[in-house]
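Printed here is structure35.pdb (PDB, C-alpha atoms and all ligand atoms):
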```pdb
MODEL        1
ATOM      1  CA  MET A1186     102.267  94.098 148.788
ATOM      2  CA  PHE A1187      99.973  95.348 151.562
ATOM      3  CA  LYS A1188     101.755  96.825 154.561
ATOM      4  CA  ILE A1189     100.535  96.288 158.137
ATOM      5  CA  VAL A1190     100.461  99.689 159.845
ATOM      6  CA  ASP A1191      98.944  98.750 163.195
ATOM      7  CA  LYS A1192      98.627  95.546 165.208
ATOM      8  CA  GLN A1193      96.914  94.869 168.502
ATOM      9  CA  GLN A1194      96.400  91.650 170.393
ATOM     10  CA  LEU A1195      92.760  91.513 171.550
ATOM     11  CA  THR A1196      92.861  88.089 173.258
ATOM     12  CA  PRO A1197      95.479  85.306 173.356
ATOM     13  CA  LEU A1198      94.183  84.056 169.976
ATOM     14  CA  ILE A1199      92.663  87.155 168.312
ATOM     15  CA  TYR A1200      94.510  90.056 166.666
ATOM     16  CA  SER A1201      93.401  93.312 165.069
ATOM     17  CA  LEU A1202      95.436  94.527 162.074
ATOM     18  CA  TRP A1203      95.169  97.747 160.045
ATOM     19  CA  VAL A1204      96.528  97.218 156.545
ATOM     20  CA  GLU A1205      97.356  99.683 153.749
ATOM     21  CA  ALA A1206      94.928  98.972 150.887
ATOM     22  CA  PRO A1207      93.816 102.352 149.466
ATOM     23  CA  ARG A1208      91.580 101.121 146.636
ATOM     24  CA  ILE A1209      89.722  98.705 148.921
ATOM     25  CA  ALA A1210      89.347 101.372 151.634
ATOM     26  CA  GLN A1211      87.677 103.655 149.052
ATOM     27  CA  SER A1212      84.984 101.166 148.056
ATOM     28  CA  ALA A1213      84.462  98.874 151.094
ATOM     29  CA  LYS A1214      80.947  98.568 152.504
ATOM     30  CA  PRO A1215      79.538  96.836 155.599
ATOM     31  CA  GLY A1216      78.957  93.115 154.994
ATOM     32  CA  GLN A1217      81.873  92.673 152.573
ATOM     33  CA  PHE A1218      85.040  90.663 152.986
ATOM     34  CA  LEU A1219      88.587  90.260 151.704
ATOM     35  CA  ILE A1220      90.667  87.297 150.645
ATOM     36  CA  VAL A1221      94.115  87.586 152.126
ATOM     37  CA  ARG A1222      97.273  85.654 151.320
ATOM     38  CA  PRO A1223      99.912  86.030 154.025
ATOM     39  CA  SER A1224     102.848  84.884 151.863
ATOM     40  CA  ASP A1225     103.734  83.785 148.309
ATOM     41  CA  ASN A1226     102.933  80.142 148.962
ATOM     42  CA  GLY A1227     100.159  80.931 151.489
ATOM     43  CA  GLU A1228      96.529  79.773 151.419
ATOM     44  CA  ARG A1229      93.763  82.227 150.584
ATOM     45  CA  VAL A1230      92.002  83.291 153.803
ATOM     46  CA  PRO A1231      88.582  85.018 153.728
ATOM     47  CA  LEU A1232      88.282  87.737 156.393
ATOM     48  CA  THR A1233      85.563  90.314 156.965
ATOM     49  CA  ILE A1234      86.347  93.996 156.535
ATOM     50  CA  CYS A1235      85.930  95.076 160.148
ATOM     51  CA  ASP A1236      86.537  98.777 159.488
ATOM     52  CA  TYR A1237      87.920 101.018 156.764
ATOM     53  CA  ASN A1238      89.360 104.500 156.540
ATOM     54  CA  PRO A1239      89.196 105.995 153.011
ATOM     55  CA  ASP A1240      91.123 109.080 154.225
ATOM     56  CA  ASN A1241      94.351 107.234 155.010
ATOM     57  CA  GLY A1242      93.686 104.237 152.733
ATOM     58  CA  THR A1243      93.654 101.502 155.371
ATOM     59  CA  VAL A1244      91.345  98.604 156.192
ATOM     60  CA  ARG A1245      91.029  96.683 159.427
ATOM     61  CA  ILE A1246      90.845  92.904 159.809
ATOM     62  CA  VAL A1247      90.330  91.022 163.065
ATOM     63  CA  VAL A1248      91.773  87.533 162.878
ATOM     64  CA  GLN A1249      91.309  84.571 165.168
ATOM     65  CA  ILE A1250      94.063  81.964 165.032
ATOM     66  CA  ALA A1251      92.145  78.876 163.877
ATOM     67  CA  GLY A1252      94.893  77.015 162.009
ATOM     68  CA  VAL A1253      98.058  77.383 159.955
ATOM     69  CA  SER A1254      97.142  80.321 157.693
ATOM     70  CA  SER A1255      95.433  82.513 160.295
ATOM     71  CA  ASN A1256      98.430  81.833 162.537
ATOM     72  CA  LYS A1257     100.771  83.062 159.757
ATOM     73  CA  ILE A1258      98.754  86.285 159.440
ATOM     74  CA  CYS A1259      98.775  86.891 163.197
ATOM     75  CA  ASN A1260     102.541  86.337 163.357
ATOM     76  CA  LEU A1261     103.147  89.276 161.010
ATOM     77  CA  ASN A1262     104.120  92.562 162.640
ATOM     78  CA  VAL A1263     103.797  96.278 161.901
ATOM     79  CA  GLY A1264     105.941  97.014 158.815
ATOM     80  CA  ASP A1265     105.499  93.465 157.429
ATOM     81  CA  CYS A1266     103.390  92.955 154.291
ATOM     82  CA  LEU A1267     100.596  90.622 153.260
ATOM     83  CA  THR A1268     101.321  89.263 149.759
ATOM     84  CA  ASP A1269      97.744  89.674 148.477
ATOM     85  CA  VAL A1270      94.609  91.385 149.679
ATOM     86  CA  ALA A1271      91.708  90.969 147.224
ATOM     87  CA  GLY A1272      88.433  92.782 147.725
ATOM     88  CA  PRO A1273      86.024  94.109 148.596
ATOM     89  CA  LEU A1274      84.222  90.812 147.876
ATOM     90  CA  GLY A1275      80.634  89.702 148.403
ATOM     91  CA  LYS A1276      77.470  91.747 148.486
ATOM     92  CA  PRO A1277      77.135  94.627 150.936
ATOM     93  CA  SER A1278      74.510  94.227 153.688
ATOM     94  CA  ASP A1279      70.878  94.578 152.523
ATOM     95  CA  PHE A1280      70.282  97.698 154.627
ATOM     96  CA  MET A1281      72.748  99.577 152.413
ATOM     97  CA  GLU A1282      69.869  99.771 149.899
ATOM     98  CA  ILE A1283      67.481 101.388 152.390
ATOM     99  CA  PRO A1284      67.359 105.193 152.036
ATOM    100  CA  GLU A1285      68.992 106.875 155.051
ATOM    101  CA  GLU A1286      65.710 108.638 155.945
ATOM    102  CA  GLU A1287      64.021 105.252 156.342
ATOM    103  CA  LEU A1288      66.795 103.859 158.531
ATOM    104  CA  LYS A1289      66.120 106.490 161.207
ATOM    105  CA  GLY A1290      64.132 104.909 164.007
ATOM    106  CA  LYS A1291      64.456 101.339 162.669
ATOM    107  CA  ARG A1292      65.383  98.858 165.403
ATOM    108  CA  TYR A1293      68.142  96.303 164.773
ATOM    109  CA  LEU A1294      69.319  93.485 167.014
ATOM    110  CA  PHE A1295      72.824  92.163 166.243
ATOM    111  CA  VAL A1296      73.916  88.834 167.653
ATOM    112  CA  ALA A1297      77.682  88.252 167.575
ATOM    113  CA  GLY A1298      79.369  84.982 168.488
ATOM    114  CA  GLY A1299      83.054  85.220 169.415
ATOM    115  CA  VAL A1300      85.088  86.753 166.576
ATOM    116  CA  GLY A1301      81.693  87.481 164.908
ATOM    117  CA  ALA A1302      81.867  90.777 166.813
ATOM    118  CA  ALA A1303      84.318  91.946 164.113
ATOM    119  CA  PRO A1304      81.867  91.658 161.177
ATOM    120  CA  VAL A1305      79.022  93.008 163.340
ATOM    121  CA  TYR A1306      80.970  96.177 164.184
ATOM    122  CA  PRO A1307      80.929  97.962 160.753
ATOM    123  CA  GLN A1308      77.229  97.180 160.342
ATOM    124  CA  ALA A1309      76.256  98.435 163.795
ATOM    125  CA  LYS A1310      78.429 101.532 163.234
ATOM    126  CA  TYR A1311      76.832 102.314 159.849
ATOM    127  CA  LEU A1312      73.288 102.000 161.209
ATOM    128  CA  HIS A1313      73.990 103.830 164.477
ATOM    129  CA  GLU A1314      75.535 106.772 162.579
ATOM    130  CA  ARG A1315      72.337 107.025 160.501
ATOM    131  CA  GLY A1316      69.953 107.151 163.437
ATOM    132  CA  ALA A1317      68.830 103.523 163.651
ATOM    133  CA  LYS A1318      68.404 102.037 167.128
ATOM    134  CA  VAL A1319      70.959  99.284 167.478
ATOM    135  CA  ASP A1320      71.180  96.699 170.255
ATOM    136  CA  VAL A1321      74.017  94.168 170.290
ATOM    137  CA  ILE A1322      74.434  90.807 172.008
ATOM    138  CA  ILE A1323      77.993  89.445 172.182
ATOM    139  CA  GLY A1324      78.341  85.847 173.304
ATOM    140  CA  ALA A1325      81.458  83.743 173.798
ATOM    141  CA  ARG A1326      82.618  80.639 175.624
ATOM    142  CA  ASN A1327      84.391  82.705 178.287
ATOM    143  CA  LYS A1328      85.471  86.270 179.108
ATOM    144  CA  ASP A1329      88.840  85.928 177.351
ATOM    145  CA  LEU A1330      87.042  85.523 174.021
ATOM    146  CA  ILE A1331      84.938  88.688 174.273
ATOM    147  CA  ILE A1332      86.370  91.283 171.876
ATOM    148  CA  MET A1333      85.683  94.911 170.890
ATOM    149  CA  GLU A1334      83.451  95.598 173.889
ATOM    150  CA  ASP A1335      84.378  99.292 174.283
ATOM    151  CA  GLU A1336      84.210 100.029 170.557
ATOM    152  CA  MET A1337      80.858  98.278 170.268
ATOM    153  CA  ARG A1338      79.366 100.308 173.128
ATOM    154  CA  LYS A1339      80.041 103.482 171.080
ATOM    155  CA  VAL A1340      77.955 102.244 168.132
ATOM    156  CA  CYS A1341      74.905 100.831 169.902
ATOM    157  CA  SER A1342      72.225 101.809 172.409
ATOM    158  CA  ASN A1343      72.481  98.653 174.516
ATOM    159  CA  LEU A1344      75.219  96.048 174.660
ATOM    160  CA  TYR A1345      74.409  92.670 176.243
ATOM    161  CA  ILE A1346      77.178  90.197 177.024
ATOM    162  CA  CYS A1347      76.879  86.515 177.818
ATOM    163  CA  THR A1348      79.395  83.733 178.326
ATOM    164  CA  ASP A1349      78.858  79.975 178.443
ATOM    165  CA  ASP A1350      80.729  79.732 181.762
ATOM    166  CA  GLY A1351      79.357  82.951 183.308
ATOM    167  CA  SER A1352      82.846  84.518 183.590
ATOM    168  CA  LYS A1353      81.481  87.767 182.068
ATOM    169  CA  GLY A1354      77.953  89.110 181.690
ATOM    170  CA  GLU A1355      75.043  86.739 181.829
ATOM    171  CA  LYS A1356      75.734  82.983 182.114
ATOM    172  CA  GLY A1357      74.311  81.254 179.057
ATOM    173  CA  VAL A1358      74.074  81.355 175.294
ATOM    174  CA  VAL A1359      72.984  84.192 172.995
ATOM    175  CA  THR A1360      69.558  82.679 172.302
ATOM    176  CA  LEU A1361      68.585  83.120 175.973
ATOM    177  CA  LEU A1362      69.168  86.857 175.654
ATOM    178  CA  MET A1363      67.384  86.944 172.290
ATOM    179  CA  GLU A1364      64.340  85.337 173.901
ATOM    180  CA  ARG A1365      64.403  87.797 176.786
ATOM    181  CA  LEU A1366      64.667  90.824 174.480
ATOM    182  CA  GLY A1367      61.756  89.469 172.448
ATOM    183  CA  ASN A1368      60.234  90.766 169.269
ATOM    184  CA  LYS A1369      60.735  94.513 169.529
ATOM    185  CA  TYR A1370      63.040  94.770 166.515
ATOM    186  CA  ASP A1371      62.528  95.267 162.783
ATOM    187  CA  MET A1372      65.456  92.978 161.959
ATOM    188  CA  CYS A1373      67.971  90.674 163.601
ATOM    189  CA  VAL A1374      71.447  90.011 162.181
ATOM    190  CA  ALA A1375      73.442  87.052 163.541
ATOM    191  CA  ILE A1376      77.133  86.507 162.756
ATOM    192  CA  GLY A1377      79.332  83.864 164.351
ATOM    193  CA  PRO A1378      79.916  80.119 164.306
ATOM    194  CA  MET A1379      77.536  78.286 161.942
ATOM    195  CA  ILE A1380      75.949  76.384 164.831
ATOM    196  CA  MET A1381      75.207  79.642 166.658
ATOM    197  CA  MET A1382      73.590  81.100 163.526
ATOM    198  CA  LYS A1383      71.461  77.965 163.184
ATOM    199  CA  PHE A1384      70.105  78.289 166.734
ATOM    200  CA  ALA A1385      69.766  82.085 166.505
ATOM    201  CA  THR A1386      67.609  81.490 163.409
ATOM    202  CA  LEU A1387      65.440  78.951 165.247
ATOM    203  CA  MET A1388      64.945  81.469 168.060
ATOM    204  CA  ALA A1389      64.185  84.263 165.581
ATOM    205  CA  LYS A1390      61.544  82.003 163.989
ATOM    206  CA  LYS A1391      59.993  81.415 167.410
ATOM    207  CA  LEU A1392      59.940  85.180 168.011
ATOM    208  CA  GLU A1393      58.686  85.827 164.460
ATOM    209  CA  LEU A1394      61.637  88.107 163.909
ATOM    210  CA  PRO A1395      63.251  88.394 160.440
ATOM    211  CA  ILE A1396      66.918  87.391 160.575
ATOM    212  CA  THR A1397      69.970  87.770 158.327
ATOM    213  CA  VAL A1398      72.999  85.514 158.794
ATOM    214  CA  SER A1399      76.515  85.847 157.347
ATOM    215  CA  LEU A1400      77.800  82.474 156.173
ATOM    216  CA  ASN A1401      81.439  81.684 156.933
ATOM    217  CA  THR A1402      81.601  78.711 154.576
ATOM    218  CA  LEU A1403      84.856  77.335 153.194
ATOM    219  CA  MET A1404      86.012  79.632 150.396
ATOM    220  CA  VAL A1405      88.838  79.399 147.876
ATOM    221  CA  ASP A1406      88.619  81.828 144.953
ATOM    222  CA  GLY A1407      85.895  84.116 146.299
ATOM    223  CA  THR A1408      84.608  84.789 142.789
ATOM    224  CA  GLY A1409      81.920  82.131 142.250
ATOM    225  CA  MET A1410      84.146  79.833 140.143
ATOM    226  CA  CYS A1411      85.390  77.023 142.417
ATOM    227  CA  GLY A1412      82.179  75.963 144.201
ATOM    228  CA  ALA A1413      83.830  75.601 147.622
ATOM    229  CA  CYS A1414      81.315  77.914 149.279
ATOM    230  CA  ARG A1415      78.200  76.204 147.858
ATOM    231  CA  VAL A1416      75.151  76.470 150.124
ATOM    232  CA  SER A1417      71.461  75.641 149.707
ATOM    233  CA  VAL A1418      69.234  78.649 150.270
ATOM    234  CA  ALA A1419      65.464  78.345 149.796
ATOM    235  CA  GLY A1420      66.127  75.064 147.971
ATOM    236  CA  LYS A1421      68.457  76.699 145.450
ATOM    237  CA  THR A1422      72.222  76.343 145.086
ATOM    238  CA  MET A1423      73.993  79.575 145.956
ATOM    239  CA  PHE A1424      77.624  80.595 146.349
ATOM    240  CA  ALA A1425      78.268  82.426 149.599
ATOM    241  CA  CYS A1426      81.149  84.432 148.085
ATOM    242  CA  VAL A1427      79.111  86.121 145.330
ATOM    243  CA  ASP A1428      75.439  85.603 146.274
ATOM    244  CA  GLY A1429      76.201  86.344 149.965
ATOM    245  CA  PRO A1430      77.828  86.100 152.399
ATOM    246  CA  GLU A1431      74.551  87.355 153.947
ATOM    247  CA  PHE A1432      71.308  85.432 153.481
ATOM    248  CA  ASN A1433      67.855  85.238 154.991
ATOM    249  CA  GLY A1434      68.451  82.835 157.907
ATOM    250  CA  TYR A1435      65.010  81.213 157.469
ATOM    251  CA  ASP A1436      66.065  79.965 154.011
ATOM    252  CA  VAL A1437      69.513  78.499 154.819
ATOM    253  CA  ASP A1438      70.055  74.730 155.001
ATOM    254  CA  PHE A1439      72.290  74.929 158.084
ATOM    255  CA  ASP A1440      72.704  71.161 158.476
ATOM    256  CA  GLU A1441      74.219  70.881 155.009
ATOM    257  CA  ALA A1442      76.379  73.983 155.624
ATOM    258  CA  LEU A1443      77.625  72.500 158.909
ATOM    259  CA  ARG A1444      78.529  69.233 157.162
ATOM    260  CA  ARG A1445      80.381  71.005 154.359
ATOM    261  CA  GLN A1446      82.445  73.044 156.842
ATOM    262  CA  THR A1447      84.109  69.869 158.103
ATOM    263  CA  LEU A1448      85.082  68.486 154.664
ATOM    264  CA  TYR A1449      88.800  69.113 155.186
ATOM    265  CA  ARG A1450      88.973  68.577 158.966
ATOM    266  CA  LYS A1451      91.500  65.708 158.636
ATOM    267  CA  GLU A1452      93.823  67.747 156.388
ATOM    268  CA  GLU A1453      93.491  70.803 158.669
ATOM    269  CA  GLN A1454      94.403  68.708 161.698
ATOM    270  CA  GLN A1455      97.399  67.208 159.876
ATOM    271  CA  ALA A1456      98.598  70.697 158.864
ATOM    272  CA  ASN A1457      98.189  71.943 162.448
ATOM    273  CA  ALA A1458     100.115  68.969 163.821
ATOM    274  CA  ALA A1459     102.922  69.533 161.284
ATOM    275  CA  ALA A1460     103.099  73.203 162.359
ATOM    276  CA  GLY A1461     102.973  72.320 166.072
ATOM    277  CA  LEU A1462      99.577  73.988 166.566
ATOM    278  CA  GLU A1463      96.844  72.521 168.742
ATOM    279  CA  PHE A1464      93.169  73.492 168.725
ATOM    280  CA  LYS A1465      90.122  72.197 170.561
ATOM    281  CA  ARG A1466      87.247  71.626 168.128
TER     282      ARG A1466
HETATM  283  C1  LIG B   1      83.146  85.469 154.432
HETATM  284  C2  LIG B   1      84.037  85.023 155.580
HETATM  285  C3  LIG B   1      84.456  85.954 156.510
HETATM  286  C4  LIG B   1      85.292  85.560 157.572
HETATM  287  N1  LIG B   1      85.689  86.522 158.437
HETATM  288  C5  LIG B   1      86.541  86.202 159.429
HETATM  289  C6  LIG B   1      87.044  87.225 160.310
HETATM  290  O1  LIG B   1      86.709  88.415 160.191
HETATM  291  N2  LIG B   1      87.903  86.841 161.276
HETATM  292  C7  LIG B   1      88.298  85.528 161.420
HETATM  293  O2  LIG B   1      89.099  85.261 162.326
HETATM  294  N3  LIG B   1      87.851  84.558 160.618
HETATM  295  C8  LIG B   1      86.993  84.851 159.613
HETATM  296  N4  LIG B   1      86.557  83.859 158.750
HETATM  297  C9  LIG B   1      87.051  82.488 158.951
HETATM  298  C10 LIG B   1      88.486  82.341 158.423
HETATM  299  O3  LIG B   1      88.481  82.480 157.030
HETATM  300  C11 LIG B   1      89.051  80.962 158.816
HETATM  301  O4  LIG B   1      89.175  80.919 160.225
HETATM  302  C12 LIG B   1      90.424  80.718 158.202
HETATM  303  O5  LIG B   1      90.293  80.512 156.807
HETATM  304  C13 LIG B   1      91.088  79.540 158.864
HETATM  305  O6  LIG B   1      92.202  79.103 158.097
HETATM  306  P1  LIG B   1      93.434  78.386 158.822
HETATM  307  O7  LIG B   1      94.359  77.838 157.797
HETATM  308  O8  LIG B   1      94.019  79.288 159.838
HETATM  309  O9  LIG B   1      92.754  77.195 159.629
HETATM  310  P2  LIG B   1      92.405  75.723 159.170
HETATM  311  O10 LIG B   1      92.963  74.755 160.136
HETATM  312  O11 LIG B   1      92.675  75.543 157.703
HETATM  313  O12 LIG B   1      90.838  75.768 159.370
HETATM  314  C14 LIG B   1      90.215  76.041 160.609
HETATM  315  C15 LIG B   1      88.744  76.250 160.336
HETATM  316  O13 LIG B   1      88.600  77.485 159.604
HETATM  317  C16 LIG B   1      87.675  77.337 158.537
HETATM  318  N5  LIG B   1      88.396  77.503 157.261
HETATM  319  C17 LIG B   1      89.541  76.918 156.853
HETATM  320  N6  LIG B   1      89.888  77.295 155.616
HETATM  321  C18 LIG B   1      88.930  78.119 155.214
HETATM  322  C19 LIG B   1      88.690  78.838 154.002
HETATM  323  N7  LIG B   1      89.490  78.756 152.944
HETATM  324  N8  LIG B   1      87.578  79.579 153.942
HETATM  325  C20 LIG B   1      86.745  79.702 154.998
HETATM  326  N9  LIG B   1      86.911  79.067 156.161
HETATM  327  C21 LIG B   1      87.986  78.276 156.260
HETATM  328  C22 LIG B   1      87.082  75.954 158.672
HETATM  329  O14 LIG B   1      85.905  76.037 159.449
HETATM  330  C23 LIG B   1      88.126  75.187 159.409
HETATM  331  O15 LIG B   1      87.623  74.074 160.101
HETATM  332  C24 LIG B   1      85.701  84.203 157.698
HETATM  333  C25 LIG B   1      85.276  83.259 156.754
HETATM  334  C26 LIG B   1      84.448  83.655 155.713
HETATM  335  C27 LIG B   1      84.004  82.664 154.693
HETATM  336  S1  LIG B   2      84.732  80.593 147.058
HETATM  337 FE1  LIG B   2      84.795  79.617 145.132
HETATM  338  S2  LIG B   2      82.747  79.751 144.440
HETATM  339 FE2  LIG B   2      82.737  80.843 146.305
ENDMDL
END
```
What is this structure when it is put down as structure tokens?
Amino acid sequence: MFKIVDKQQLTPLIYSLWVEAPRIAQSAKPGQFLIVRPSDNGERVPLTICDYNPDNGTVRIVVQIAGVSSNKICNLNVGDCLTDVAGPLGKPSDFMEIPEEELKGKRYLFVAGGVGAAPVYPQAKYLHERGAKVDVIIGARNKDLIIMEDEMRKVCSNLYICTDDGSKGEKGVVTLLMERLGNKYDMCVAIGPMIMMKFATLMAKKLELPITVSLNTLMVDGTGMCGACRVSVAGKTMFACVDGPEFNGYDVDFDEALRRQTLYRKEEQQANAAAGLEFKR
């Protein structure tokens, strides 16, 4: 059992939880994720490791209520336990292989959509602490969905915020800011809804900027066995859980990935209705 030691509500639908998981906290790296089961009969929910503290053996997850299982996790309180936390899963971010000396002075642009700010945070933090120049764009539909603004400011040189309705920061979508910032970076990393990553990749192509995306495909086992997370990358079949979740955005077949994400929409809606939950999709 994995005890929740801290819980904070970030927005009406997004919660931050610190969970006791000493072995995972020792080996977690930016870019990796966990599979969490909230209860004995609960579904397996993939969630990015947003932060980790090897000293006190805890890891942080930031969870948006999107349906029945994420709602179960967010209803747990400090002192309650998650039944299973498996991880760290997936490959660490590519820049983990770059010697620290080389990271100094490299320029990274992170593009976070909504709860995508959570997976961006450990990456920006790692690079910032090693002397890279990190700029971050956070975009969301409205100001109530912007998370981790203060924490993010501490791990980047410039933070740019935009909202679709203009309620905070610039009015517009993340690609507008990407275009304005232009091609002054060595690498762009985009994490958020699949559709945002598709358009961020198109903009990066226009700017001739290399881009990494983190694919939030459907996942079940997280070990490359079930095939749920299958994606086509550079014309080859890959499994986001073991070959990713990060890939070169230029190579990803986003249209196929978008189609596969909706495979269980009817069942998800039925489960939400049975649990009295309502979501706009
Ligand atoms: C590698 C990875 C990292 C992720 N990190 C985060 C994170 O840090 N914070 C966060 O809030 N969310 C994250 N997600 C998404 C999160 O896993 C889903 O929101 C969650 O599984 C929804 O389950 P549900 O039962 O609450 O909702 P449902 O009603 O079952 O589904 C709502 C939507 O969530 C997605 N989803 C559902 N089941 C799964 C599944 N088994 N695997 C993946 N996606 C699913 C689908 O797009 C679906 O339409 C991540 C997903 C992946 C693959
Ligand atoms: S989640 Fe089963 S193969 Fe990736």
Name the residues captured by the PyMOL selection byres (((chain A and resi 1427) around 7) and not hetatm) when it is applied to the shown file; answer as a list in words.
->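 Against this file, the PyMOL selection byres (((chain A and resi 1427) around 7) and not hetatm) returns the residues Gly1275, Lys1276, Thr1408, Gly1409, Phe1424, Ala1425, Cys1426, Asp1428 and Gly1429 of chain A.
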Requested in this report: For the structure shown, which residues end up in the PyMOL selection byres (((chain A and resi 1440-1448) around 7) and not hetatm)? Put them as a list in words, please?
Outcome: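 Evaluating the PyMOL selection byres (((chain A and resi 1440-1448) around 7) and not hetatm) on this file yields Met1379, Thr1402, Leu1403, Val1416, Asp1438, Phe1439, Tyr1449 and Arg1450 of chain A.
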| said: So that I can check the surroundings of A:Ala1459, please list as a ChimeraX atom specification every protein, DNA and RNA residue that reaches within 12 Å of it, counting only C-alpha atoms and ignoring chain neighbours fewer than 6 positions away. | reply: /A:1252-1253,1452-1453
Margin query: Quick check, in Å to one decimal: how far apart do atom CA of A:Ala1385 and atom CA of A:Val1296 lie?
Written below: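 Atom CA of A:Ala1385 sits 8.0 Å away from atom CA of A:Val1296.
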Expressed in Å, the length from atom CA of A:Phe1384 to atom CA of A:Leu1312 is 24.6 Å
What residues come out when you apply the PyMOL selection byres (((chain A and resi 1278) around 9) and not hetatm) to this file, written as a CSV table (one decimal) with C-alpha atoms, in the coordinates of the input?
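Result written to selection05.csv:
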```
chain,number,residue,atom,x,y,z
A,1214,LYS,CA,80.9,98.6,152.5
A,1215,PRO,CA,79.5,96.8,155.6
A,1216,GLY,CA,79.0,93.1,155.0
A,1217,GLN,CA,81.9,92.7,152.6
A,1276,LYS,CA,77.5,91.7,148.5
A,1277,PRO,CA,77.1,94.6,150.9
A,1279,ASP,CA,70.9,94.6,152.5
A,1280,PHE,CA,70.3,97.7,154.6
A,1281,MET,CA,72.7,99.6,152.4
A,1282,GLU,CA,69.9,99.8,149.9
A,1308,GLN,CA,77.2,97.2,160.3
A,1429,GLY,CA,76.2,86.3,150.0
A,1430,PRO,CA,77.8,86.1,152.4
A,1431,GLU,CA,74.6,87.4,153.9
```
Around all the atoms of stretch 1455-1460 of chain A listed in the file, draw an axis-aligned box and extend it by 5 Å on each of the six sides; I want its centre and edge lengths in Å to one decimal, as lines of an AutoDock Vina configuration file.
```
center_x = 100.2
center_y = 70.2
center_z = 161.3
size_x = 15.7
size_y = 16.0
size_z = 15.0
```
Q.
Nearest residue to A:Ile1346 out of A:Pro1304, A:Gly1299, A:Gly1377, A:Pro1239, using all atoms listed in the file?
A.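 Using all atoms listed in the file, A:Ile1346 sits closest to A:Gly1299.
Closest approach to ligand LIG 1 (chain B) among A:Tyr1370, A:Tyr1293, A:Phe1432, A:Tyr1311 is made by A:Phe1432 (distances from all atoms listed in the file).
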Across A:Gly1434, A:Pro1307, A:Asn1401, A:Asp1329, the smallest distance to A:Pro1231, with only C-alpha atoms counted, is shown by A:Asn1401
Can you pull out every residue within 6 Å of A:Ala1375, counting all atoms listed in the file, but drop anything in the same chain fewer than 3 positions away, and send it as a compact mmCIF listing (two decimals) with C-alpha atoms, in the coordinates of the input?
```txt
# COMPACT_ATOMS: atom_id res chain seq x y z
CA PHE A 1295 72.82 92.16 166.24
CA VAL A 1296 73.92 88.83 167.65
CA ALA A 1297 77.68 88.25 167.58
CA MET A 1382 73.59 81.10 163.53
CA VAL A 1398 73.00 85.51 158.79
```
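Between atom CA of A:Met1337 and atom C7 of ligand LIG 1 (chain B) there is a distance of 17.2 Å.
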- Message: Taking only C-alpha atoms and all ligand atoms into account, name the residue in A:Ala1213, A:Met1333, A:Ile1246, A:Leu1198 that is nearest to ligand LIG 1 (chain B).
- Response: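 Looking only at the distances to ligand LIG 1 (chain B), the closest residue turns out to be A:Ile1246.
Minimum atom-to-atom distances from A:Met1186, A:Ala1458, A:Leu1274, A:Val1359 to ligand LIG 2 (chain B) were compared using all atoms listed in the file, and the lowest value belongs to A:Leu1274.
Compared by their closest atoms to A:Met1363, and using all atoms listed in the file, the residues A:Lys1391, A:Arg1315, A:Lys1451, A:Lys1289 rank with A:Lys1391 nearest.
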key: Near-A:Glu1355 list (12 Å; all atoms listed in the file; drop same-chain fewer than 6 positions) as a VMD selection string   = chain A and resid 1322 to 1328 1344 to 1349 1361 to 1362 1365
Coordinates of stretch 1198-1224 of chain A, C-alpha atoms, as a short mmCIF file (atom, residue, chain, number, x, y, z; two decimals), in the first residue's frame:
```cif
data_model
loop_
_atom_site.label_atom_id
_atom_site.label_comp_id
_atom_site.auth_asym_id
_atom_site.auth_seq_id
_atom_site.Cartn_x
_atom_site.Cartn_y
_atom_site.Cartn_z
CA LEU A 1198 -10.62 19.41 -11.21
CA ILE A 1199 -6.85 19.03 -10.60
CA TYR A 1200 -5.12 17.72 -7.47
CA SER A 1201 -1.49 17.34 -6.43
CA LEU A 1202 -0.64 14.31 -4.27
CA TRP A 1203 2.65 13.29 -2.63
CA VAL A 1204 2.75 9.53 -2.11
CA GLU A 1205 5.14 7.32 -0.11
CA ALA A 1206 6.99 5.13 -2.64
CA PRO A 1207 10.65 4.94 -1.52
CA ARG A 1208 11.99 2.60 -4.21
CA ILE A 1209 10.40 4.62 -7.01
CA ALA A 1210 11.63 7.91 -5.50
CA GLN A 1211 15.19 6.52 -5.57
CA SER A 1212 15.19 5.69 -9.28
CA ALA A 1213 12.67 8.10 -10.91
CA LYS A 1214 13.90 10.28 -13.77
CA PRO A 1215 12.28 13.11 -15.75
CA GLY A 1216 10.03 11.78 -18.53
CA GLN A 1217 8.94 8.63 -16.67
CA PHE A 1218 5.53 7.67 -15.39
CA LEU A 1219 3.71 5.43 -12.93
CA ILE A 1220 0.71 3.15 -13.18
CA VAL A 1221 -1.53 3.68 -10.20
CA ARG A 1222 -4.44 1.61 -8.96
CA PRO A 1223 -6.61 3.51 -6.49
CA SER A 1224 -8.32 0.43 -5.02
#
```
